[in-house]
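See below for upload_36.csv, which holds CSV, C-alpha atoms.
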```csv
chain,number,residue,atom,x,y,z
X,21,MET,CA,-17.6,181.5,98.1
X,22,ILE,CA,-20.7,179.5,97.4
X,23,ILE,CA,-20.2,179.5,93.7
X,24,LEU,CA,-17.0,177.6,94.0
X,25,GLY,CA,-18.8,174.6,95.5
X,26,VAL,CA,-21.5,174.8,92.9
X,27,ALA,CA,-18.9,175.0,90.2
X,28,LEU,CA,-17.0,172.0,91.6
X,29,LEU,CA,-20.3,170.0,91.6
X,30,SER,CA,-21.1,171.1,88.0
X,31,ALA,CA,-17.6,170.2,86.9
X,32,CYS,CA,-18.0,166.7,88.4
X,33,LEU,CA,-21.3,166.2,86.5
X,34,VAL,CA,-19.9,167.5,83.2
X,35,VAL,CA,-16.8,165.3,83.4
X,36,GLY,CA,-18.8,162.3,84.6
X,37,TYR,CA,-21.3,162.7,81.8
X,38,PHE,CA,-18.4,163.0,79.3
X,39,LEU,CA,-16.7,159.9,80.5
X,40,GLY,CA,-20.1,158.1,80.5
X,41,GLU,CA,-20.6,159.0,76.9
X,42,LEU,CA,-17.2,157.8,76.0
X,43,LEU,CA,-17.8,154.5,77.8
X,44,GLY,CA,-21.1,154.2,75.9
X,45,GLN,CA,-19.4,154.7,72.6
X,46,ALA,CA,-16.6,152.3,73.5
X,47,LEU,CA,-19.2,149.6,74.3
X,48,GLY,CA,-21.2,150.5,71.2
X,49,VAL,CA,-24.3,151.4,73.2
X,50,GLN,CA,-26.7,154.3,72.4
X,51,ALA,CA,-26.7,155.4,76.0
X,52,ASN,CA,-24.6,157.2,78.6
X,53,VAL,CA,-23.1,154.4,80.8
X,54,GLY,CA,-22.9,155.4,84.4
X,55,GLY,CA,-22.1,159.1,83.8
X,56,VAL,CA,-23.9,160.2,86.9
X,57,GLY,CA,-22.3,157.4,89.0
X,58,ILE,CA,-18.8,158.5,87.8
X,59,ALA,CA,-19.7,162.1,88.7
X,60,MET,CA,-20.6,161.0,92.2
X,61,VAL,CA,-17.3,159.1,92.6
X,62,LEU,CA,-15.5,162.3,91.4
X,63,LEU,CA,-17.3,164.4,94.0
X,64,VAL,CA,-16.5,161.8,96.8
X,65,LEU,CA,-12.9,161.9,95.8
X,66,ALA,CA,-12.9,165.7,95.6
X,67,SER,CA,-14.5,166.2,99.0
X,68,GLY,CA,-11.8,163.9,100.5
X,69,SER,CA,-8.9,165.6,98.8
X,70,SER,CA,-6.7,168.0,100.8
X,71,LYS,CA,-5.8,170.1,97.7
X,72,LEU,CA,-9.5,170.9,97.0
X,73,ARG,CA,-10.2,171.9,100.6
X,74,THR,CA,-11.2,175.5,99.8
X,75,LEU,CA,-13.8,174.1,97.3
X,76,VAL,CA,-15.6,171.8,99.7
X,77,THR,CA,-15.4,173.5,103.1
X,78,GLY,CA,-17.1,176.6,104.5
X,79,PRO,CA,-19.4,178.6,102.2
X,80,ALA,CA,-18.3,176.6,99.2
X,81,GLY,CA,-19.5,173.4,100.9
X,82,GLU,CA,-22.8,175.1,101.6
X,83,GLY,CA,-23.2,175.6,97.9
X,84,ILE,CA,-23.1,171.8,97.4
X,85,LYS,CA,-25.3,171.1,100.4
X,86,PHE,CA,-27.9,173.5,99.1
X,87,TRP,CA,-28.4,171.3,96.0
X,88,SER,CA,-28.4,168.2,98.0
X,89,ALA,CA,-31.2,169.6,100.1
X,90,MET,CA,-33.1,170.6,96.9
X,91,TYR,CA,-33.0,166.9,95.9
X,92,ILE,CA,-36.5,165.9,97.3
X,93,PRO,CA,-38.3,169.0,95.8
X,94,ILE,CA,-36.6,168.2,92.5
X,95,VAL,CA,-37.8,164.6,92.7
X,96,VAL,CA,-41.3,165.8,93.5
X,97,ALA,CA,-41.2,167.9,90.3
X,98,MET,CA,-39.9,164.9,88.4
X,99,ALA,CA,-42.8,162.8,89.7
X,100,ALA,CA,-45.2,165.6,88.6
X,101,SER,CA,-43.8,165.4,85.0
X,102,GLN,CA,-44.1,161.6,84.5
X,103,ASN,CA,-46.3,160.2,81.8
X,104,VAL,CA,-48.6,158.5,84.4
X,105,VAL,CA,-51.6,158.3,81.9
X,106,ALA,CA,-49.6,156.3,79.4
X,107,ALA,CA,-48.4,154.0,82.2
X,108,LEU,CA,-51.9,153.2,83.1
X,109,GLU,CA,-53.2,152.9,79.5
X,110,GLY,CA,-50.5,150.4,78.5
X,111,GLY,CA,-53.0,147.6,79.4
X,112,TRP,CA,-52.6,144.5,81.5
X,113,LEU,CA,-49.4,143.3,79.9
X,114,ALA,CA,-47.6,146.5,80.9
X,115,VAL,CA,-49.1,146.4,84.4
X,116,ILE,CA,-48.2,142.7,85.0
X,117,VAL,CA,-44.7,143.2,83.6
X,118,GLY,CA,-44.1,146.3,85.8
X,119,VAL,CA,-45.6,144.8,89.0
X,120,LEU,CA,-43.7,141.5,88.7
X,121,ALA,CA,-40.4,143.2,87.8
X,122,VAL,CA,-40.7,145.4,90.9
X,123,VAL,CA,-41.9,142.7,93.3
X,124,ILE,CA,-39.3,140.1,92.4
X,125,SER,CA,-36.5,142.7,92.4
X,126,PHE,CA,-37.6,143.8,95.9
X,127,ALA,CA,-37.4,140.2,97.0
X,128,LEU,CA,-33.9,139.8,95.6
X,129,VAL,CA,-32.5,142.6,97.8
X,130,PRO,CA,-32.0,140.6,101.0
X,131,LEU,CA,-30.7,137.6,99.0
X,132,ILE,CA,-27.9,139.5,97.3
X,133,ASN,CA,-27.3,141.4,100.6
X,134,LYS,CA,-26.2,138.1,102.1
X,135,ILE,CA,-23.4,137.7,99.6
X,136,GLY,CA,-21.7,140.9,100.8
X,137,PRO,CA,-20.1,141.6,104.2
X,138,ASP,CA,-22.5,142.3,107.1
X,139,SER,CA,-23.7,145.8,107.2
X,140,GLU,CA,-24.9,147.8,110.2
X,141,PRO,CA,-28.2,149.8,109.8
X,142,LEU,CA,-27.9,153.6,109.9
X,143,PRO,CA,-28.9,155.2,113.2
X,144,PRO,CA,-32.6,156.1,113.4
X,145,LEU,CA,-33.5,159.2,111.4
X,146,ASP,CA,-33.8,162.4,113.4
X,147,GLU,CA,-37.2,163.9,112.6
X,148,ASP,CA,-36.1,167.5,112.7
X,149,ASN,CA,-33.1,166.7,110.7
X,150,ALA,CA,-35.2,165.0,108.1
X,151,LYS,CA,-37.5,167.9,107.8
X,152,GLY,CA,-34.6,170.3,107.5
X,153,GLU,CA,-33.3,168.3,104.5
X,154,ALA,CA,-36.6,168.2,102.7
O,24,MET,CA,-60.3,192.4,85.0
O,25,GLU,CA,-58.8,191.5,81.7
O,26,ALA,CA,-55.7,193.5,82.4
O,27,LEU,CA,-55.3,191.8,85.8
O,28,ARG,CA,-55.5,188.4,84.2
O,29,ASP,CA,-53.0,189.3,81.5
O,30,ALA,CA,-50.6,190.7,84.1
O,31,LEU,CA,-50.8,187.5,86.2
O,32,GLU,CA,-50.4,185.3,83.2
O,33,THR,CA,-47.3,187.2,82.1
O,34,ALA,CA,-45.9,187.0,85.6
O,35,LEU,CA,-46.3,183.3,85.7
O,36,THR,CA,-45.3,182.2,82.2
O,37,ARG,CA,-42.2,184.4,82.0
O,38,ASN,CA,-40.9,182.9,85.3
O,39,GLY,CA,-41.5,179.2,84.7
O,40,LEU,CA,-38.8,177.8,86.9
O,41,ILE,CA,-39.5,180.2,89.7
O,42,VAL,CA,-43.2,179.3,89.6
O,43,ALA,CA,-42.1,175.7,89.8
O,44,PHE,CA,-40.1,176.3,93.0
O,45,MET,CA,-43.1,178.1,94.4
O,46,VAL,CA,-45.6,175.4,93.5
O,47,VAL,CA,-43.4,172.5,94.6
O,48,GLY,CA,-42.7,174.3,97.8
O,49,ILE,CA,-46.4,174.5,98.5
O,50,VAL,CA,-46.9,170.8,97.7
O,51,VAL,CA,-44.0,169.8,100.0
O,52,TRP,CA,-45.3,172.0,102.8
O,53,LEU,CA,-48.8,170.6,102.5
O,54,SER,CA,-47.4,167.0,102.4
O,55,TYR,CA,-45.5,167.4,105.6
O,56,LEU,CA,-48.6,168.9,107.2
O,57,LEU,CA,-50.6,165.9,106.0
O,58,SER,CA,-47.9,163.5,107.2
O,59,ASN,CA,-47.9,165.0,110.7
O,60,ARG,CA,-51.6,165.6,111.1
O,61,LEU,CA,-53.1,162.5,109.4
O,62,THR,CA,-50.4,159.8,109.8
O,63,ARG,CA,-48.5,161.3,112.8
O,64,GLY,CA,-45.4,161.1,110.7
O,65,ARG,CA,-45.7,157.4,109.9
O,66,ILE,CA,-45.9,158.0,106.2
O,67,HIS,CA,-43.0,160.3,105.4
O,68,GLY,CA,-43.8,163.7,104.1
O,69,SER,CA,-41.6,163.3,101.0
O,70,ALA,CA,-43.5,160.0,100.1
O,71,ILE,CA,-46.8,162.0,100.2
O,72,ALA,CA,-45.3,164.8,98.1
O,73,ILE,CA,-44.1,162.3,95.5
O,74,LEU,CA,-47.5,160.6,95.4
O,75,LEU,CA,-49.2,164.0,95.1
O,76,GLY,CA,-46.8,164.8,92.2
O,77,LEU,CA,-47.8,161.5,90.4
O,78,VAL,CA,-51.5,162.1,91.0
O,79,GLY,CA,-51.1,165.7,89.6
O,80,ALA,CA,-49.3,164.3,86.6
O,81,TYR,CA,-52.1,161.8,86.0
O,82,PHE,CA,-54.9,164.5,86.0
O,83,ALA,CA,-52.7,166.9,84.0
O,84,GLY,CA,-52.1,164.2,81.4
O,85,GLN,CA,-55.8,163.5,81.2
O,86,TYR,CA,-56.5,167.2,80.8
O,87,THR,CA,-53.8,168.1,78.2
O,88,GLY,CA,-53.3,164.8,76.5
O,89,GLY,CA,-49.6,165.4,76.6
O,90,SER,CA,-46.8,163.1,77.8
O,91,ARG,CA,-45.1,165.3,80.4
O,92,GLY,CA,-47.7,165.4,83.2
O,93,MET,CA,-48.1,168.8,84.9
O,94,ALA,CA,-45.2,170.2,82.8
O,95,ASP,CA,-47.6,170.3,79.8
O,96,ILE,CA,-49.8,172.9,81.5
O,97,GLY,CA,-48.6,176.2,80.1
O,98,LEU,CA,-48.4,178.0,83.4
O,99,LEU,CA,-46.6,175.1,85.1
O,100,ALA,CA,-44.1,174.4,82.3
O,101,GLY,CA,-41.2,175.2,84.7
O,102,ILE,CA,-42.0,171.9,86.6
O,103,GLY,CA,-40.6,170.1,83.5
O,104,LEU,CA,-37.4,172.0,83.8
O,105,MET,CA,-37.1,171.6,87.6
O,106,GLY,CA,-37.9,167.9,87.4
O,107,GLY,CA,-36.0,167.2,84.1
O,108,GLY,CA,-33.0,165.1,83.6
O,109,MET,CA,-30.5,168.0,84.0
O,110,MET,CA,-31.6,169.1,87.5
O,111,ARG,CA,-32.3,165.6,88.6
O,112,ASP,CA,-28.8,164.4,87.8
O,113,PHE,CA,-27.3,167.6,89.3
O,114,ALA,CA,-29.1,167.1,92.6
O,115,ILE,CA,-28.4,163.3,92.6
O,116,VAL,CA,-24.6,164.0,92.3
O,117,SER,CA,-24.8,166.6,95.1
O,118,THR,CA,-26.1,163.9,97.5
O,119,ALA,CA,-22.7,162.1,97.2
O,120,PHE,CA,-21.2,165.0,99.1
O,121,GLY,CA,-20.1,163.6,102.5
O,122,VAL,CA,-20.2,159.9,101.4
O,123,HIS,CA,-17.1,158.0,102.3
O,124,LEU,CA,-15.1,156.1,99.7
O,125,SER,CA,-14.6,153.2,102.0
O,126,GLU,CA,-18.4,152.5,102.1
O,127,LEU,CA,-18.5,152.5,98.3
O,128,LYS,CA,-15.6,150.1,98.1
O,129,ARG,CA,-17.0,147.7,100.7
O,130,ALA,CA,-20.2,147.2,98.7
O,131,GLY,CA,-18.6,147.5,95.3
O,132,LEU,CA,-18.6,143.9,94.3
O,133,VAL,CA,-22.2,143.1,95.4
O,134,GLY,CA,-23.2,146.3,93.8
O,135,ILE,CA,-21.9,145.2,90.5
O,136,ILE,CA,-23.5,141.7,90.9
O,137,SER,CA,-26.8,143.3,91.7
O,138,ILE,CA,-26.7,145.4,88.4
O,139,PHE,CA,-26.3,142.3,86.2
O,140,ALA,CA,-28.8,140.3,88.3
O,141,GLY,CA,-31.3,143.1,88.1
O,142,VAL,CA,-31.1,143.6,84.3
O,143,ILE,CA,-31.3,139.8,83.6
O,144,VAL,CA,-34.1,139.1,86.1
O,145,SER,CA,-36.3,142.0,84.9
O,146,PHE,CA,-35.6,141.1,81.3
O,147,LEU,CA,-36.7,137.5,81.9
O,148,ILE,CA,-39.9,138.5,83.7
O,149,GLY,CA,-40.8,140.8,80.7
O,150,ALA,CA,-40.0,138.2,78.2
O,151,ILE,CA,-41.9,135.4,79.9
O,152,VAL,CA,-45.0,137.6,80.4
O,153,ALA,CA,-44.8,138.6,76.7
O,154,ILE,CA,-44.7,134.9,75.7
O,155,LEU,CA,-47.7,134.2,78.0
O,156,PHE,CA,-49.6,137.0,76.2
O,157,GLY,CA,-49.1,135.3,72.9
O,158,TYR,CA,-46.1,137.1,71.4
O,159,SER,CA,-43.9,134.6,69.5
O,160,ASP,CA,-41.4,136.7,67.5
O,161,ALA,CA,-38.0,137.3,69.1
O,162,GLU,CA,-38.1,141.1,68.4
O,163,SER,CA,-41.3,141.6,70.4
O,164,ILE,CA,-40.3,139.3,73.3
O,165,THR,CA,-36.9,141.0,73.6
O,166,THR,CA,-38.4,144.5,73.4
O,167,ILE,CA,-41.0,143.9,76.1
O,168,GLY,CA,-38.3,142.2,78.2
O,169,ALA,CA,-36.1,145.3,77.7
O,170,GLY,CA,-39.1,147.5,78.8
O,171,ALA,CA,-39.1,145.6,82.1
O,172,VAL,CA,-35.5,146.7,82.5
O,173,THR,CA,-36.3,150.5,82.2
O,174,TYR,CA,-38.4,152.7,80.0
O,175,ILE,CA,-35.2,153.8,78.2
O,176,VAL,CA,-33.8,150.4,77.5
O,177,GLY,CA,-37.2,149.3,76.0
O,178,PRO,CA,-37.3,151.8,73.1
O,179,VAL,CA,-33.5,151.7,72.6
O,180,THR,CA,-33.6,147.9,72.2
O,181,GLY,CA,-36.8,147.9,70.1
O,182,THR,CA,-35.4,150.5,67.7
O,183,ALA,CA,-32.1,148.6,67.4
O,184,ILE,CA,-33.7,145.2,66.6
O,185,GLY,CA,-36.7,146.5,64.6
O,186,ALA,CA,-39.7,145.9,66.8
O,187,SER,CA,-43.1,147.3,65.9
O,188,SER,CA,-44.0,150.8,67.3
O,189,GLU,CA,-46.9,149.2,69.2
O,190,VAL,CA,-44.6,146.9,71.0
O,191,ILE,CA,-42.1,149.7,71.7
O,192,ALA,CA,-45.0,151.8,73.2
O,193,LEU,CA,-45.9,148.8,75.4
O,194,SER,CA,-42.3,148.5,76.6
O,195,VAL,CA,-42.2,152.1,77.6
O,196,ALA,CA,-45.5,151.7,79.5
O,197,ALA,CA,-44.1,148.7,81.4
O,198,GLY,CA,-41.0,150.7,82.3
O,199,VAL,CA,-42.9,153.7,83.5
O,200,ILE,CA,-45.2,151.5,85.7
O,201,LYS,CA,-42.0,149.9,87.1
O,202,SER,CA,-40.6,153.3,87.9
O,203,VAL,CA,-43.8,154.6,89.5
O,204,LEU,CA,-44.2,151.5,91.6
O,205,VAL,CA,-40.7,151.7,92.9
O,206,MET,CA,-41.3,155.3,94.0
O,207,ILE,CA,-44.5,154.4,95.8
O,208,GLY,CA,-43.6,150.9,97.0
O,209,THR,CA,-40.1,151.4,98.4
O,210,PRO,CA,-41.0,153.1,101.7
O,211,MET,CA,-43.6,150.4,102.3
O,212,VAL,CA,-41.3,147.4,101.8
O,213,ALA,CA,-38.0,149.0,103.1
O,214,ARG,CA,-38.3,147.3,106.5
O,215,PHE,CA,-39.0,143.9,105.1
O,216,ILE,CA,-36.0,143.8,102.7
O,217,GLY,CA,-33.4,145.3,105.1
O,218,LEU,CA,-33.2,148.6,103.2
O,219,ASN,CA,-31.5,150.5,106.1
O,220,ASN,CA,-27.8,150.7,105.3
O,221,PRO,CA,-25.5,151.8,102.5
O,222,GLN,CA,-24.8,148.3,101.2
O,223,SER,CA,-28.4,147.2,100.8
O,224,ALA,CA,-29.2,150.6,99.2
O,225,MET,CA,-26.5,150.0,96.6
O,226,ILE,CA,-27.9,146.5,96.0
O,227,PHE,CA,-31.4,148.0,95.8
O,228,GLY,CA,-30.3,150.6,93.2
O,229,GLY,CA,-28.6,147.9,91.1
O,230,LEU,CA,-31.6,145.6,91.2
O,231,MET,CA,-34.3,148.2,90.5
O,232,GLY,CA,-32.2,150.3,88.1
O,233,THR,CA,-34.8,152.9,87.2
O,234,THR,CA,-33.0,156.1,88.2
O,235,SER,CA,-36.2,158.1,88.8
O,236,GLY,CA,-37.9,155.2,90.7
O,237,VAL,CA,-34.8,154.7,92.9
O,238,ALA,CA,-34.4,158.4,93.4
O,239,GLY,CA,-38.0,158.9,94.5
O,240,GLY,CA,-38.3,155.7,96.5
O,241,LEU,CA,-35.1,156.2,98.6
O,242,ALA,CA,-35.9,159.8,99.1
O,243,ALA,CA,-39.2,158.8,100.7
O,244,THR,CA,-37.6,156.0,102.8
O,245,ASP,CA,-34.4,157.7,104.2
O,246,PRO,CA,-32.7,160.5,102.3
O,247,ARG,CA,-29.3,159.3,103.6
O,248,LEU,CA,-29.6,156.2,101.4
O,249,VAL,CA,-30.1,158.1,98.2
O,250,PRO,CA,-26.4,158.5,97.1
O,251,TYR,CA,-25.7,154.8,97.5
O,252,GLY,CA,-28.8,153.6,95.5
O,253,ALA,CA,-28.4,156.3,92.9
O,254,MET,CA,-24.8,155.3,92.3
O,255,THR,CA,-25.5,151.8,91.1
O,256,ALA,CA,-28.8,152.7,89.5
O,257,THR,CA,-27.1,155.1,87.0
O,258,PHE,CA,-25.1,152.2,85.6
O,259,TYR,CA,-28.1,150.0,85.2
O,260,THR,CA,-29.7,151.6,82.1
O,261,GLY,CA,-26.3,151.6,80.3
O,262,ILE,CA,-25.7,147.9,81.1
O,263,GLY,CA,-29.3,147.2,80.0
O,264,CYS,CA,-28.8,149.0,76.7
O,265,LEU,CA,-25.6,146.9,76.3
O,266,LEU,CA,-27.1,143.5,77.1
O,267,CYS,CA,-30.7,143.6,75.7
O,268,PRO,CA,-30.2,144.2,72.0
O,269,SER,CA,-27.1,141.9,71.9
O,270,ILE,CA,-26.6,138.8,74.1
O,271,LEU,CA,-30.1,138.6,75.5
O,272,TYR,CA,-31.7,139.2,72.0
O,273,PHE,CA,-29.5,136.4,70.5
O,274,ILE,CA,-30.5,134.0,73.3
O,275,VAL,CA,-34.2,134.8,72.7
O,276,ARG,CA,-33.8,134.4,69.0
O,277,ALA,CA,-32.1,131.0,69.4
O,278,MET,CA,-34.9,129.8,71.6
O,279,VAL,CA,-38.0,130.8,69.6
```
Translate the structure of the given file into structure tokens.
Amino acid sequence: MIILGVALLSACLVVGYFLGELLGQALGVQANVGGVGIAMVLLVLASGSSKLRTLVTGPAGEGIKFWSAMYIPIVVAMAASQNVVAALEGGWLAVIVGVLAVVISFALVPLINKIGPDSEPLPPLDEDNAKGEA
Amino acid sequence: MEALRDALETALTRNGLIVAFMVVGIVVWLSYLLSNRLTRGRIHGSAIAILLGLVGAYFAGQYTGGSRGMADIGLLAGIGLMGGGMMRDFAIVSTAFGVHLSELKRAGLVGIISIFAGVIVSFLIGAIVAILFGYSDAESITTIGAGAVTYIVGPVTGTAIGASSEVIALSVAAGVIKSVLVMIGTPMVARFIGLNNPQSAMIFGGLMGTTSGVAGGLAATDPRLVPYGAMTATFYTGIGCLLCPSILYFIVRAMV
């Protein structure tokens, strides 16, 4: 049943958020620390577990895949509800800070990548597949 | 005529989220059409869709004077729900389905390094630019530095250490610009920074940190990289809220 997969996904998010809140409180921070990241790890663990097979295979798995295919449309809606006007009205200081932070962080990606083990690029993206996901 | 308009308005406003699905669907369809016809697929359809979303948010913001882009237009209020934090996080978590634990473990350490490097480097840039613009008090410098981390860390830090509301607004603006630039810029620079595998995506997420920026930027580059970047990015804001009003603030205060 599709709802089982959706319910599993929801449970991961709720538990992750809860743990993120606890972590934030423990650190004395007014923010959720890694709630979504924890939820993702939980989903990875759940999808690899043999006990939860019925929740991640067949129709139940389709319930999770549906939301992952809805990801780009949701990001488009997110972009459409950003405060773009305020971003542009912040003046030069805000623009310079934003631009420099992005450019220098981009440049650091290959540098830090060298610290880790070598990583193989993913195979080229299949056009039809990409469209299907969007 | 009046009755027709009323009926349409009721149909649209009562079904906000459904209208959002419809409108976003049309935008995405149009974007893929533009991508294929005008750029022969060179600029990915999702990148165009995100850009159209941002442009729409700009004009909507000009028109309504609100802070939530197109979501402030009554008939399109559902876009705010569809693109809000709840749905965004739900969809981000779902992308982790099918990710292998071994890949996360392999890049775990560099992922953590990148989060701390990202917070500290962004903070430094914001703080230095603030000083160059003539700010000399530790509270303003720290808050603008925190804004360069993300638009959430800026106000959280500013409020905690007692910065002025003008400086807090500036820190939010800097953070939003960062997030928008990451959305637009990532697909353009991906080739040059080796953003084509899970490990570099995790490093990228940790360095950029802005969840919406990383989410949008990676979606427009290669959707398969999204879970890896999002994973580290979601820890970034929390770490930023931890470091900025404490250690980093004390360091700035000791220096000015």
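One finds atom CA of O:Gly170 at 8.0 Å from atom CA of O:Ile191.
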query: Could you pull the residues within 8 Å of X:Tyr37, counting all atoms listed in the file, minus those fewer than 5 positions along the same chain, as a PyMOL selection string?
result: chain X and resi 52+54-56+58-59
task: For stretch 144-151 of chain O, work out the shell of residues within 7 Å, counting all atoms listed in the file and skipping chain neighbours fewer than 3 positions away, then give it as a VMD selection string.
output: (chain X and resid 117 120 to 121) or (chain O and resid 140 to 141 154 to 155 164 to 165 167 to 169 171 to 172)
message: When you count only C-alpha atoms, which of these residues is closest to chain O: X:Pro79, X:Gly68, X:Pro137, X:Gly57?
response: X:Gly57
O:Ser188: which residues within 9 Å, counting only C-alpha atoms, same-chain residues fewer than 6 positions away excluded, as a PDB file with C-alpha atoms, keeping the file's coordinate frame?
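Just written: selection07.pdb:
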```
ATOM      1  CA  PRO O 178     -37.300 151.800  73.100  1.00  0.00           C
ATOM      2  CA  GLY O 181     -36.800 147.900  70.100  1.00  0.00           C
ATOM      3  CA  THR O 182     -35.400 150.500  67.700  1.00  0.00           C
TER       4      THR O 182
END
```
- request: Could you give me, as a ChimeraX atom specification, the residues within 12 Å of O:Ile66, counting only C-alpha atoms and dropping anything in the same chain fewer than 3 positions from it?
  value: /O:54-63,69-74,207-211,243-245
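Of the listed residues (X:Ala46, X:Cys32, X:Leu24, X:Ala99), X:Leu24 comes nearest to X:Arg73; the distances count all atoms listed in the file.
Remark: for O:Gly229, the closest of the candidate residues O:Ser202, O:Ser137, O:Ser187, O:Gln85 is O:Ser137 (distances computed over all atoms listed in the file).
Here the residues that fall within 12 Å of (-52.5, 153.0, 81.1), using all atoms listed in the file, are given as Asn103, Val104, Val105, Ala106, Ala107, Leu108, Glu109, Gly110, Gly111, Trp112, Leu113, Ala114, Val115, Ile116 and Gly118 of chain X; Tyr81, Gly84, Gln85, Ala192, Leu193, Val195, Ala196, Ala197, Gly198, Val199 and Ile200 of chain O.
If only C-alpha atoms are the atoms counted, then among O:Arg247, O:Arg276, O:Arg91, O:Arg214 the closest residue to chain X is O:Arg91.
Using all atoms listed in the file, the nearest neighbour of chain O within the list X:Ala80, X:Leu72, X:Met21, X:Leu47 is X:Leu47.
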message: To one decimal place in Å, what is the distance between atom CA of O:Leu98 and atom CA of O:Gly39?
response: 7.1 Å
